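Structure data follow from structure-v4.pdb (PDB, C-alpha atoms):
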ATOM      1  CA  MET T 245     -13.207   3.802 -21.595
ATOM      2  CA  PRO T 246      -9.915   4.729 -23.248
ATOM      3  CA  PHE T 247      -8.175   7.767 -21.742
ATOM      4  CA  PHE T 248      -4.852   7.426 -23.535
ATOM      5  CA  ASP T 249      -3.065   5.140 -25.946
ATOM      6  CA  ILE T 250      -0.281   3.129 -24.361
ATOM      7  CA  ASN T 251       2.983   2.681 -26.233
ATOM      8  CA  ARG T 252       4.760   0.253 -23.940
ATOM      9  CA  ASN T 253       8.209   1.203 -25.232
ATOM     10  CA  GLU T 254       7.621   4.839 -24.280
ATOM     11  CA  MET T 255       5.572   4.268 -21.128
ATOM     12  CA  LYS T 256       6.929   6.456 -18.309
ATOM     13  CA  VAL T 257       6.961   4.801 -14.893
ATOM     14  CA  LEU T 258       7.616   6.386 -11.501
ATOM     15  CA  ALA T 259       8.489   4.216  -8.499
ATOM     16  CA  GLY T 260       7.488   5.649  -5.124
ATOM     17  CA  ILE T 261       8.672   4.530  -1.681
ATOM     18  CA  VAL T 262       7.264   5.909   1.581
ATOM     19  CA  LEU T 263       9.882   6.085   4.340
ATOM     20  CA  TYR T 264       9.432   5.854   8.084
ATOM     21  CA  ASN T 265      12.593   4.937  10.009
ATOM     22  CA  PRO T 266      13.773   2.535   7.311
ATOM     23  CA  GLU T 267      16.556   0.022   7.838
ATOM     24  CA  PRO T 268      19.302   1.586   5.661
ATOM     25  CA  ILE T 269      20.762  -1.574   4.103
ATOM     26  CA  ARG T 270      17.363  -3.009   3.224
ATOM     27  CA  LEU T 271      16.256   0.314   1.739
ATOM     28  CA  LYS T 272      19.369   0.407  -0.445
ATOM     29  CA  GLU T 273      18.654  -3.163  -1.562
ATOM     30  CA  ASN T 274      15.129  -2.026  -2.426
ATOM     31  CA  ILE T 275      16.341   0.935  -4.497
ATOM     32  CA  ASP T 276      19.101  -1.090  -6.195
ATOM     33  CA  ALA T 277      16.463  -3.572  -7.350
ATOM     34  CA  ILE T 278      14.104  -1.016  -8.870
ATOM     35  CA  HIS T 279      15.898   2.159  -9.979
ATOM     36  CA  GLN T 280      17.024   0.767 -13.344
ATOM     37  CA  GLN T 281      13.576  -0.655 -14.079
ATOM     38  CA  VAL T 282      11.814   2.743 -13.910
ATOM     39  CA  ASP T 283      12.404   6.286 -15.124
ATOM     40  CA  THR T 284      12.465   7.868 -11.670
ATOM     41  CA  VAL T 285      12.333   6.842  -8.005
ATOM     42  CA  LEU T 286      10.527   9.233  -5.650
ATOM     43  CA  LEU T 287      11.209   8.856  -1.924
ATOM     44  CA  ILE T 288       8.673  10.310   0.519
ATOM     45  CA  GLU T 289      10.152  10.963   3.961
ATOM     46  CA  ASN T 290       7.170  10.600   6.271
ATOM     47  CA  GLY T 291       8.330  11.459   9.772
ATOM     48  CA  SER T 292      11.464   9.398  10.430
ATOM     49  CA  THR T 293      13.231  10.264  13.662
ATOM     50  CA  ASN T 294      16.580   9.214  12.202
ATOM     51  CA  LYS T 295      17.545  10.108   8.633
ATOM     52  CA  ASP T 296      21.018   8.590   8.609
ATOM     53  CA  TYR T 297      19.835   6.293   5.820
ATOM     54  CA  LYS T 298      20.457   9.170   3.378
ATOM     55  CA  VAL T 299      24.206   8.545   3.415
ATOM     56  CA  HIS T 300      23.554   5.216   1.696
ATOM     57  CA  LEU T 301      21.597   6.810  -1.150
ATOM     58  CA  THR T 302      24.400   8.382  -3.150
ATOM     59  CA  GLY T 303      25.463   7.486  -6.669
ATOM     60  CA  TYR T 304      22.002   7.294  -8.214
ATOM     61  CA  ASP T 305      21.005   9.647 -11.020
ATOM     62  CA  ASN T 306      17.216   9.234 -10.941
ATOM     63  CA  ILE T 307      16.156   9.639  -7.303
ATOM     64  CA  LEU T 308      13.950  12.487  -6.091
ATOM     65  CA  TYR T 309      13.051  13.240  -2.481
ATOM     66  CA  ILE T 310      10.233  14.923  -0.586
ATOM     67  CA  ASP T 311      10.505  15.512   3.165
ATOM     68  CA  ASN T 312       7.140  15.847   4.913
ATOM     69  CA  HIS T 313       8.920  16.587   8.240
ATOM     70  CA  ALA T 314       6.159  14.691  10.069
ATOM     71  CA  SER T 315       4.051  11.582   9.586
ATOM     72  CA  MET T 316       1.197  12.553   7.294
ATOM     73  CA  GLY T 317      -0.121   9.022   6.955
ATOM     74  CA  ILE T 318       0.377   6.474   4.204
ATOM     75  CA  ALA T 319      -2.615   7.671   2.156
ATOM     76  CA  TYR T 320      -1.283  11.232   2.016
ATOM     77  CA  ALA T 321       2.171  10.035   0.953
ATOM     78  CA  LEU T 322       0.708   7.778  -1.748
ATOM     79  CA  ASN T 323      -1.252  10.751  -3.079
ATOM     80  CA  GLN T 324       2.019  12.665  -3.253
ATOM     81  CA  ILE T 325       3.580   9.881  -5.341
ATOM     82  CA  CYS T 326       0.655   9.668  -7.766
ATOM     83  CA  GLY T 327       0.220  13.449  -7.826
ATOM     84  CA  TYR T 328       3.824  13.968  -8.862
ATOM     85  CA  ALA T 329       3.465  11.247 -11.474
ATOM     86  CA  TYR T 330       0.289  12.813 -12.863
ATOM     87  CA  THR T 331       1.710  16.314 -13.279
ATOM     88  CA  HIS T 332       5.024  15.121 -14.756
ATOM     89  CA  GLY T 333       3.757  12.786 -17.450
ATOM     90  CA  TYR T 334       4.212   9.360 -15.856
ATOM     91  CA  GLU T 335       1.441   7.013 -16.953
ATOM     92  CA  TRP T 336       1.982   4.452 -14.175
ATOM     93  CA  ALA T 337       3.310   4.572 -10.608
ATOM     94  CA  LEU T 338       4.842   1.582  -8.842
ATOM     95  CA  THR T 339       4.465   1.850  -5.061
ATOM     96  CA  LEU T 340       6.818  -0.094  -2.803
ATOM     97  CA  ASP T 341       7.179  -0.554   0.932
ATOM     98  CA  GLN T 342      10.565   0.504   2.264
ATOM     99  CA  ASP T 343      11.518  -3.092   3.109
ATOM    100  CA  SER T 344      10.193  -4.758  -0.058
ATOM    101  CA  VAL T 345      12.440  -5.779  -2.937
ATOM    102  CA  ALA T 346      11.301  -6.013  -6.552
ATOM    103  CA  THR T 347      12.454  -8.938  -8.643
ATOM    104  CA  PRO T 348      14.209  -8.507 -12.012
ATOM    105  CA  GLY T 349      11.863  -7.754 -14.889
ATOM    106  CA  MET T 350       8.929  -6.781 -12.670
ATOM    107  CA  VAL T 351       8.181  -3.484 -14.404
ATOM    108  CA  ASP T 352       8.514  -4.977 -17.894
ATOM    109  CA  THR T 353       6.041  -7.676 -16.860
ATOM    110  CA  TYR T 354       3.601  -5.030 -15.659
ATOM    111  CA  LYS T 355       4.052  -2.992 -18.835
ATOM    112  CA  GLY T 356       3.110  -6.024 -20.893
ATOM    113  CA  ILE T 357      -0.193  -6.301 -19.019
ATOM    114  CA  ALA T 358      -1.073  -2.615 -18.601
ATOM    115  CA  LYS T 359      -4.100  -1.262 -20.444
ATOM    116  CA  ASP T 360      -6.091   1.916 -20.037
ATOM    117  CA  ASN T 361      -9.073   0.127 -18.444
ATOM    118  CA  ILE T 362      -6.911  -1.378 -15.687
ATOM    119  CA  GLY T 363      -6.624   0.546 -12.435
ATOM    120  CA  ILE T 364      -3.999  -1.404 -10.503
ATOM    121  CA  ILE T 365      -1.910  -4.514 -11.072
ATOM    122  CA  GLY T 366      -0.394  -6.461  -8.189
ATOM    123  CA  CYS T 367       1.769  -9.582  -8.085
ATOM    124  CA  TYR T 368       2.615 -12.681  -6.090
ATOM    125  CA  ILE T 369       4.014 -11.927  -2.634
ATOM    126  CA  GLU T 370       6.837 -13.995  -1.174
ATOM    127  CA  ASP T 371       7.608 -13.274   2.483
ATOM    128  CA  ARG T 372      11.133 -13.497   3.847
ATOM    129  CA  ASN T 373      10.030 -14.496   7.322
ATOM    130  CA  TYR T 374       7.724 -17.407   6.584
ATOM    131  CA  LYS T 375       8.060 -20.741   4.849
ATOM    132  CA  GLU T 376       4.297 -20.673   4.418
ATOM    133  CA  PRO T 377       3.391 -18.393   1.466
ATOM    134  CA  ASN T 378       1.218 -15.330   2.045
ATOM    135  CA  GLN T 379      -1.103 -16.456  -0.731
ATOM    136  CA  GLU T 380      -1.655 -19.475  -2.946
ATOM    137  CA  ARG T 381       0.477 -19.600  -6.059
ATOM    138  CA  TYR T 382      -1.545 -19.718  -9.246
ATOM    139  CA  GLU T 383      -0.608 -19.271 -12.886
ATOM    140  CA  GLY T 384      -1.383 -16.350 -15.177
ATOM    141  CA  THR T 385      -3.125 -13.033 -14.577
ATOM    142  CA  PHE T 386      -6.702 -12.488 -13.401
ATOM    143  CA  GLY T 387      -9.059 -10.062 -11.695
ATOM    144  CA  VAL T 388      -9.252  -9.697  -7.908
ATOM    145  CA  PRO T 389     -11.146  -7.388  -5.503
ATOM    146  CA  TRP T 390      -7.989  -5.737  -4.205
ATOM    147  CA  VAL T 391      -4.187  -5.939  -3.971
ATOM    148  CA  ILE T 392      -1.742  -4.623  -1.372
ATOM    149  CA  THR T 393       0.044  -1.305  -1.827
ATOM    150  CA  SER T 394       3.532  -2.757  -2.091
ATOM    151  CA  ALA T 395       4.339  -3.583  -5.729
ATOM    152  CA  SER T 396       1.050  -2.078  -6.903
ATOM    153  CA  PHE T 397       1.357  -0.776 -10.474
ATOM    154  CA  THR T 398      -1.134   2.084 -10.478
ATOM    155  CA  ASN T 399      -2.741   3.746 -13.487
ATOM    156  CA  VAL T 400      -2.139   7.419 -12.706
ATOM    157  CA  LYS T 401      -5.113   8.729 -14.687
ATOM    158  CA  ALA T 402      -7.354   6.204 -12.945
ATOM    159  CA  TRP T 403      -6.027   7.493  -9.598
ATOM    160  CA  LYS T 404      -7.028  11.014 -10.624
ATOM    161  CA  LYS T 405     -10.448   9.987 -11.958
ATOM    162  CA  CYS T 406     -11.511   8.103  -8.820
ATOM    163  CA  GLY T 407     -10.393  10.800  -6.374
ATOM    164  CA  GLY T 408      -7.129   9.397  -5.055
ATOM    165  CA  PHE T 409      -6.253   7.660  -1.810
ATOM    166  CA  ASP T 410      -8.456   8.429   1.184
ATOM    167  CA  ASN T 411      -6.469  10.780   3.458
ATOM    168  CA  GLU T 412      -9.048  10.290   6.227
ATOM    169  CA  MET T 413      -7.872   6.702   6.680
ATOM    170  CA  PHE T 414      -4.250   7.644   7.464
ATOM    171  CA  ILE T 415      -3.033   4.015   7.612
ATOM    172  CA  ASP T 416      -4.476   0.484   7.233
ATOM    173  CA  PHE T 417      -6.827  -0.660   4.452
ATOM    174  CA  VAL T 418      -5.759   2.304   2.325
ATOM    175  CA  ASP T 419      -4.959  -0.167  -0.467
ATOM    176  CA  THR T 420      -8.343  -1.860  -0.124
ATOM    177  CA  ASP T 421     -10.093   1.485  -0.349
ATOM    178  CA  ILE T 422      -8.403   2.628  -3.582
ATOM    179  CA  CYS T 423      -9.113  -0.725  -5.229
ATOM    180  CA  TYR T 424     -12.829  -0.530  -4.388
ATOM    181  CA  SER T 425     -12.915   3.063  -5.567
ATOM    182  CA  MET T 426     -11.328   2.141  -8.886
ATOM    183  CA  ARG T 427     -13.578  -0.860  -9.447
ATOM    184  CA  ASN T 428     -16.627   1.307  -8.794
ATOM    185  CA  ALA T 429     -15.278   3.715 -11.427
ATOM    186  CA  GLY T 430     -15.135   0.877 -13.969
ATOM    187  CA  TYR T 431     -11.465  -0.103 -13.750
ATOM    188  CA  LYS T 432     -10.120  -3.625 -13.313
ATOM    189  CA  ILE T 433      -7.857  -4.736 -10.478
ATOM    190  CA  LEU T 434      -5.511  -7.522 -11.551
ATOM    191  CA  ILE T 435      -2.963  -9.805  -9.971
ATOM    192  CA  THR T 436      -0.254 -11.459 -12.016
ATOM    193  CA  PHE T 437       1.801 -14.480 -11.060
ATOM    194  CA  HIS T 438       4.357 -13.854 -13.797
ATOM    195  CA  THR T 439       6.403 -11.778 -11.346
ATOM    196  CA  LYS T 440       6.775 -11.552  -7.580
ATOM    197  CA  LEU T 441       7.776  -9.239  -4.751
ATOM    198  CA  ILE T 442      10.081 -10.174  -1.885
ATOM    199  CA  HIS T 443       8.103  -8.751   1.019
ATOM    200  CA  GLU T 444       8.262  -8.700   4.796
ATOM    201  CA  LEU T 445       5.267  -8.658   7.123
ATOM    202  CA  GLY T 446       7.490  -7.621  10.008
ATOM    203  CA  ILE T 447       9.649  -9.261  12.622
ATOM    204  CA  ASN T 448       6.886  -8.970  15.220
ATOM    205  CA  THR T 449       4.309 -10.768  13.084
ATOM    206  CA  THR T 450       3.528 -14.447  13.575
ATOM    207  CA  ILE T 451       1.050 -16.864  12.040
ATOM    208  CA  LYS T 452      -1.081 -19.027  14.364
ATOM    209  CA  HIS T 453      -3.519 -21.821  13.616
ATOM    210  CA  ILE T 454      -6.402 -22.286  16.054
ATOM    211  CA  PRO T 455      -9.705 -24.226  15.886
ATOM    212  CA  LEU T 456     -12.684 -22.581  14.141
ATOM    213  CA  ILE T 457     -10.752 -19.439  13.179
ATOM    214  CA  LYS T 458      -8.008 -21.566  11.512
ATOM    215  CA  ARG T 459      -5.280 -19.211  10.280
ATOM    216  CA  ILE T 460      -4.736 -16.068  12.331
ATOM    217  CA  GLN T 461      -2.105 -13.362  11.819
ATOM    218  CA  VAL T 462      -0.709 -11.931  15.061
ATOM    219  CA  GLU T 463       0.833  -8.561  14.192
ATOM    220  CA  ASN T 464       1.652  -7.174  17.652
ATOM    221  CA  HIS T 465       0.914  -3.628  16.544
ATOM    222  CA  ASN T 466       0.698  -0.868  19.127
ATOM    223  CA  SER T 467      -2.585   0.620  20.316
ATOM    224  CA  VAL T 468      -2.542   3.460  17.763
ATOM    225  CA  ARG T 469      -2.275   1.031  14.876
ATOM    226  CA  LYS T 470      -5.002  -1.151  16.393
ATOM    227  CA  TYR T 471      -7.267   1.884  16.550
ATOM    228  CA  TYR T 472      -6.870   2.777  12.862
ATOM    229  CA  ARG T 473      -7.284  -0.808  11.697
ATOM    230  CA  GLU T 474     -10.648  -1.304  13.399
ATOM    231  CA  ARG T 475     -11.891   2.203  12.624
ATOM    232  CA  ASN T 476     -11.102   1.838   8.951
ATOM    233  CA  LEU T 477     -12.736  -1.574   8.735
ATOM    234  CA  ILE T 478     -16.055  -0.072   9.809
ATOM    235  CA  TYR T 479     -15.492   3.002   7.647
ATOM    236  CA  LEU T 480     -14.977   0.863   4.530
ATOM    237  CA  THR T 481     -18.074  -1.177   5.263
ATOM    238  CA  ARG T 482     -20.123   2.018   5.378
ATOM    239  CA  LYS T 483     -18.380   3.634   2.407
ATOM    240  CA  TYR T 484     -18.927   0.860  -0.133
ATOM    241  CA  LYS T 485     -22.191  -1.015  -0.485
ATOM    242  CA  ASP T 486     -20.392  -4.006  -1.987
ATOM    243  CA  TYR T 487     -17.924  -4.282   0.908
ATOM    244  CA  SER T 488     -18.788  -7.447   2.832
ATOM    245  CA  ILE T 489     -20.190  -6.960   6.334
ATOM    246  CA  ILE T 490     -19.542 -10.649   6.988
ATOM    247  CA  SER T 491     -15.899 -10.226   6.018
ATOM    248  CA  THR T 492     -15.616  -7.227   8.359
ATOM    249  CA  LEU T 493     -17.054  -9.193  11.270
ATOM    250  CA  LYS T 494     -14.703 -12.123  10.640
ATOM    251  CA  THR T 495     -11.666  -9.849  10.457
ATOM    252  CA  THR T 496     -12.654  -8.007  13.628
ATOM    253  CA  LEU T 497     -13.131 -11.264  15.518
ATOM    254  CA  LYS T 498      -9.738 -12.511  14.354
ATOM    255  CA  ASP T 499      -8.141  -9.237  15.471
ATOM    256  CA  ILE T 500      -9.717  -9.508  18.898
ATOM    257  CA  ALA T 501      -8.729 -13.174  19.221
ATOM    258  CA  ALA T 502      -5.119 -12.364  18.292
ATOM    259  CA  VAL T 503      -4.869  -9.760  21.055
ATOM    260  CA  VAL T 504      -6.668 -11.819  23.711
ATOM    261  CA  LEU T 505      -4.785 -15.054  23.015
ATOM    262  CA  TYR T 506      -1.300 -13.992  21.991
ATOM    263  CA  GLU T 507      -0.425 -10.327  22.530
ATOM    264  CA  HIS T 508       0.812  -8.274  25.479
ATOM    265  CA  ASN T 509      -0.795  -5.038  26.742
ATOM    266  CA  LYS T 510      -4.203  -6.513  26.043
ATOM    267  CA  LEU T 511      -6.422  -3.935  27.781
ATOM    268  CA  PRO T 512      -4.957  -0.796  26.124
ATOM    269  CA  LYS T 513      -5.123  -2.489  22.741
ATOM    270  CA  LEU T 514      -8.682  -3.735  23.200
ATOM    271  CA  TRP T 515      -9.758  -0.285  24.370
ATOM    272  CA  ALA T 516      -8.162   1.303  21.286
ATOM    273  CA  MET T 517      -9.900  -1.241  19.058
ATOM    274  CA  ALA T 518     -13.279  -0.562  20.673
ATOM    275  CA  LYS T 519     -12.759   3.187  20.261
ATOM    276  CA  GLY T 520     -11.817   2.668  16.623
ATOM    277  CA  LEU T 521     -14.947   0.612  15.941
ATOM    278  CA  CYS T 522     -17.141   3.303  17.491
ATOM    279  CA  ASN T 523     -15.464   6.179  15.640
ATOM    280  CA  GLY T 524     -15.725   4.303  12.362
ATOM    281  CA  ILE T 525     -19.497   4.329  12.704
ATOM    282  CA  PHE T 526     -19.598   8.139  12.767
ATOM    283  CA  MET T 527     -16.977   8.951  10.109
ATOM    284  CA  LYS T 528     -18.493  10.600   7.064
ATOM    285  CA  PRO T 529     -17.331   8.796   3.904
ATOM    286  CA  LYS T 530     -15.371  10.978   1.482
ATOM    287  CA  PHE T 531     -14.595  10.192  -2.139
ATOM    288  CA  GLU T 532     -12.462  13.097  -3.383
ATOM    289  CA  HIS T 533      -9.030  13.525  -1.814
ATOM    290  CA  ILE T 534      -6.876  15.147  -4.485
ATOM    291  CA  THR T 535      -6.163  18.798  -3.746
ATOM    292  CA  GLN T 536      -3.822  21.210  -5.513
ATOM    293  CA  GLU T 537      -1.033  20.451  -3.053
ATOM    294  CA  PHE T 538      -0.679  16.977  -4.565
ATOM    295  CA  LEU T 539      -0.407  18.409  -8.079
ATOM    296  CA  SER T 540       2.197  21.092  -7.355
ATOM    297  CA  LEU T 541       4.853  19.317  -5.283
ATOM    298  CA  GLU T 542       8.397  20.558  -4.810
ATOM    299  CA  VAL T 543      11.048  17.851  -4.850
ATOM    300  CA  GLU T 544      14.782  17.749  -4.275
ATOM    301  CA  GLU T 545      17.501  15.534  -5.718
ATOM    302  CA  LEU T 546      19.640  13.354  -3.492
TER     303      LEU T 546
END

Would you mind writing the file's structure down as structure tokens?
Amino acid sequence: MPFFDINRNEMKVLAGIVLYNPEPIRLKENIDAIHQQVDTVLLIENGSTNKDYKVHLTGYDNILYIDNHASMGIAYALNQICGYAYTHGYEWALTLDQDSVATPGMVDTYKGIAKDNIGIIGCYIEDRNYKEPNQERYEGTFGVPWVITSASFTNVKAWKKCGGFDNEMFIDFVDTDICYSMRNAGYKILITFHTKLIHELGINTTIKHIPLIKRIQVENHNSVRKYYRERNLIYLTRKYKDYSIISTLKTTLKDIAAVVLYEHNKLPKLWAMAKGLCNGIFMKPKFEHITQEFLSLEVEEL
């Protein structure tokens, strides 16, 4: 289903980074790695309590900035990135976490793969904090059910066609949701191992290996984050018929095991998780999330 012809030499690419109390030096490293690979970098300030990082962001000629003045959630901020891209003629948007660093040639690699029937392209993830890789290393490029938000190369017209990121989810599994939405709309989700992202799960995250469950990721998130994770798991299972109930159950059990076996403040976290699971049952699935506010954004230059 061709929507536009892609001339890779003229393809306009916007990089978007959502900010929430970023570490200034790492953020600058992130921007240094990507700003010459794309036409424009759009920073979304999403509720940071300290904005001193801005003093490190001088000397660039292609950085734009939007200040939300409060945390609107990752889905909302991602819609802002893609909405700005859509209304200003960017065919693709590269979304990055504030502490992720693109490798040289990443965008050119993506451009060489991009086609109008592809919704999102992701890449190999290498984590700073772990000798064990986040995923097996394969060769080539192939289809997958979903990819993470960081280093996702998103087809902007596909974003518009499938209704955008789900603002109801706020945070957690937002990337999974958009990938399922795009696949249901007929787009492909790809991962390429011809480029990689230097990523960071977080200093509070550890990997444990226990019998039966095998590999378990202990993230030590607070109760609010635990709530959204479990709520959105149930929400996704209800929203998409092809989303695996078995996978949801396995993930939920691993989450519970991580808290019970390894984390502090167990009772508040388990209560938040139980509340999230219950609320997820009653959330009404929504499929259209793009409003005029995402298509008429005001930005400032740094």

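The coordinates place atom CA of Tyr368 of chain T at 17.2 Å from atom CA of Lys432 of chain T.
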
Please tabulate, as a Markdown table, the residues of segment 329-406 of chain T that come within 9 Å of segment 536-539 of chain T, each with its closest pair of atoms and the distance in Å to one decimal, counting all atoms listed in the file and ordering rows by chain, then residue number upward.
| residue | atom | partner | partner_atom | distance |
| --- | --- | --- | --- | --- |
| T:Ala329 | CA | T:Leu539 | CA | 8.8 |
| T:Tyr330 | CA | T:Leu539 | CA | 7.4 |
| T:Thr331 | CA | T:Leu539 | CA | 6.0 |

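For the choices T:Phe409, T:Tyr309, T:Phe437, T:Trp403, the atom-to-atom distance to Tyr382 of chain T is smallest for T:Phe437 when using all atoms listed in the file.
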
Checklist line | Counting all atoms listed in the file, the residue of T:His279, T:His300, T:His438, T:His443 that sits nearest Glu267 of chain T | finding: T:His300

Notebook entry, point to check: What would the list of residues within 9 Å of (2.8, 11.3, -3.5) (file frame) look like as JSON, numbers by chain, if only C-alpha atoms are what count?
Noted result: {"T": [260, 262, 286, 287, 288, 310, 319, 320, 321, 322, 323, 324, 325, 326, 327, 328, 329, 538, 541]}

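Distance annotation: of T:Ile365, T:Ile422, T:Ala277, T:Ile500, the residue with the minimal separation from His533 of chain T is T:Ile422; atom set is all atoms listed in the file.
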
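This file, queried with the PyMOL selection byres ((chain T and resi 383) around 12), gives the residues T:Cys367, T:Tyr368, T:Glu380, T:Arg381, T:Tyr382, T:Gly384, T:Thr385, T:Phe386, T:Ile435, T:Thr436, T:Phe437, T:His438, T:Thr439, T:Lys440.
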
Please write the residues from the selection above to a file, keeping C-alpha atoms, as a compact mmCIF listing (two decimals), in the coordinates of the input.
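Saved the output as part-v3.txt:
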# COMPACT_ATOMS: atom_id res chain seq x y z
CA CYS T 367 1.77 -9.58 -8.09
CA TYR T 368 2.62 -12.68 -6.09
CA GLU T 380 -1.66 -19.48 -2.95
CA ARG T 381 0.48 -19.60 -6.06
CA TYR T 382 -1.54 -19.72 -9.25
CA GLY T 384 -1.38 -16.35 -15.18
CA THR T 385 -3.12 -13.03 -14.58
CA PHE T 386 -6.70 -12.49 -13.40
CA ILE T 435 -2.96 -9.80 -9.97
CA THR T 436 -0.25 -11.46 -12.02
CA PHE T 437 1.80 -14.48 -11.06
CA HIS T 438 4.36 -13.85 -13.80
CA THR T 439 6.40 -11.78 -11.35
CA LYS T 440 6.78 -11.55 -7.58

Margin query: Once the PyMOL selection byres ((chain T and resi 528) around 9) is applied to the coordinates I shared, what remains selected? I want it as a PyMOL selection string.
Written below: chain T and resi 479+482-483+524-527+529-530

Check: With all atoms listed in the file as the basis for distance, which of T:Leu271, T:Met426, T:Leu521, T:Leu434 is at the shortest distance from Gln342 of chain T?
Finding: T:Leu271

Completion step: segment 522-537 of chain T with N, CA, C and O atoms as a PDB file, in the frame of the given file:
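Written output follows (out.pdb):
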ATOM      1  N   CYS T 522     -16.105   2.287  17.245  1.00  0.00           N
ATOM      2  CA  CYS T 522     -17.141   3.303  17.491  1.00  0.00           C
ATOM      3  C   CYS T 522     -16.953   4.516  16.584  1.00  0.00           C
ATOM      4  O   CYS T 522     -17.913   5.024  15.988  1.00  0.00           O
ATOM      5  N   ASN T 523     -15.716   4.995  16.471  1.00  0.00           N
ATOM      6  CA  ASN T 523     -15.464   6.179  15.640  1.00  0.00           C
ATOM      7  C   ASN T 523     -15.713   5.904  14.157  1.00  0.00           C
ATOM      8  O   ASN T 523     -16.129   6.802  13.413  1.00  0.00           O
ATOM      9  N   GLY T 524     -15.474   4.663  13.753  1.00  0.00           N
ATOM     10  CA  GLY T 524     -15.725   4.303  12.362  1.00  0.00           C
ATOM     11  C   GLY T 524     -17.188   4.425  11.983  1.00  0.00           C
ATOM     12  O   GLY T 524     -17.525   4.701  10.824  1.00  0.00           O
ATOM     13  N   ILE T 525     -18.053   4.235  12.947  1.00  0.00           N
ATOM     14  CA  ILE T 525     -19.497   4.329  12.704  1.00  0.00           C
ATOM     15  C   ILE T 525     -19.901   5.760  12.357  1.00  0.00           C
ATOM     16  O   ILE T 525     -20.824   5.991  11.578  1.00  0.00           O
ATOM     17  N   PHE T 526     -19.196   6.736  12.924  1.00  0.00           N
ATOM     18  CA  PHE T 526     -19.598   8.139  12.767  1.00  0.00           C
ATOM     19  C   PHE T 526     -18.774   8.909  11.733  1.00  0.00           C
ATOM     20  O   PHE T 526     -19.066  10.073  11.465  1.00  0.00           O
ATOM     21  N   MET T 527     -17.755   8.271  11.147  1.00  0.00           N
ATOM     22  CA  MET T 527     -16.977   8.951  10.109  1.00  0.00           C
ATOM     23  C   MET T 527     -17.828   9.142   8.859  1.00  0.00           C
ATOM     24  O   MET T 527     -18.531   8.234   8.421  1.00  0.00           O
ATOM     25  N   LYS T 528     -17.755  10.318   8.289  1.00  0.00           N
ATOM     26  CA  LYS T 528     -18.493  10.600   7.064  1.00  0.00           C
ATOM     27  C   LYS T 528     -17.646  10.191   5.865  1.00  0.00           C
ATOM     28  O   LYS T 528     -16.550  10.713   5.658  1.00  0.00           O
ATOM     29  N   PRO T 529     -18.121   9.243   5.062  1.00  0.00           N
ATOM     30  CA  PRO T 529     -17.331   8.796   3.904  1.00  0.00           C
ATOM     31  C   PRO T 529     -17.034   9.932   2.934  1.00  0.00           C
ATOM     32  O   PRO T 529     -17.899  10.756   2.633  1.00  0.00           O
ATOM     33  N   LYS T 530     -15.783   9.978   2.460  1.00  0.00           N
ATOM     34  CA  LYS T 530     -15.371  10.978   1.482  1.00  0.00           C
ATOM     35  C   LYS T 530     -14.791  10.264   0.266  1.00  0.00           C
ATOM     36  O   LYS T 530     -14.163   9.211   0.388  1.00  0.00           O
ATOM     37  N   PHE T 531     -14.997  10.853  -0.905  1.00  0.00           N
ATOM     38  CA  PHE T 531     -14.595  10.192  -2.139  1.00  0.00           C
ATOM     39  C   PHE T 531     -13.634  11.022  -2.990  1.00  0.00           C
ATOM     40  O   PHE T 531     -13.121  10.529  -3.977  1.00  0.00           O
ATOM     41  N   GLU T 532     -13.383  12.253  -2.626  1.00  0.00           N
ATOM     42  CA  GLU T 532     -12.462  13.097  -3.383  1.00  0.00           C
ATOM     43  C   GLU T 532     -11.376  13.598  -2.449  1.00  0.00           C
ATOM     44  O   GLU T 532     -11.654  14.311  -1.482  1.00  0.00           O
ATOM     45  N   HIS T 533     -10.119  13.226  -2.749  1.00  0.00           N
ATOM     46  CA  HIS T 533      -9.030  13.525  -1.814  1.00  0.00           C
ATOM     47  C   HIS T 533      -7.845  14.223  -2.479  1.00  0.00           C
ATOM     48  O   HIS T 533      -6.834  14.478  -1.834  1.00  0.00           O
ATOM     49  N   ILE T 534      -7.975  14.517  -3.765  1.00  0.00           N
ATOM     50  CA  ILE T 534      -6.876  15.147  -4.485  1.00  0.00           C
ATOM     51  C   ILE T 534      -7.056  16.661  -4.455  1.00  0.00           C
ATOM     52  O   ILE T 534      -8.011  17.197  -5.006  1.00  0.00           O
ATOM     53  N   THR T 535      -6.155  17.342  -3.787  1.00  0.00           N
ATOM     54  CA  THR T 535      -6.163  18.798  -3.746  1.00  0.00           C
ATOM     55  C   THR T 535      -4.963  19.320  -4.534  1.00  0.00           C
ATOM     56  O   THR T 535      -4.094  18.556  -4.967  1.00  0.00           O
ATOM     57  N   GLN T 536      -4.888  20.615  -4.710  1.00  0.00           N
ATOM     58  CA  GLN T 536      -3.822  21.210  -5.513  1.00  0.00           C
ATOM     59  C   GLN T 536      -2.437  20.909  -4.956  1.00  0.00           C
ATOM     60  O   GLN T 536      -1.459  20.826  -5.706  1.00  0.00           O
ATOM     61  N   GLU T 537      -2.344  20.709  -3.647  1.00  0.00           N
ATOM     62  CA  GLU T 537      -1.033  20.451  -3.053  1.00  0.00           C
ATOM     63  C   GLU T 537      -0.397  19.178  -3.603  1.00  0.00           C
ATOM     64  O   GLU T 537       0.836  19.066  -3.678  1.00  0.00           O
TER      65      GLU T 537
END
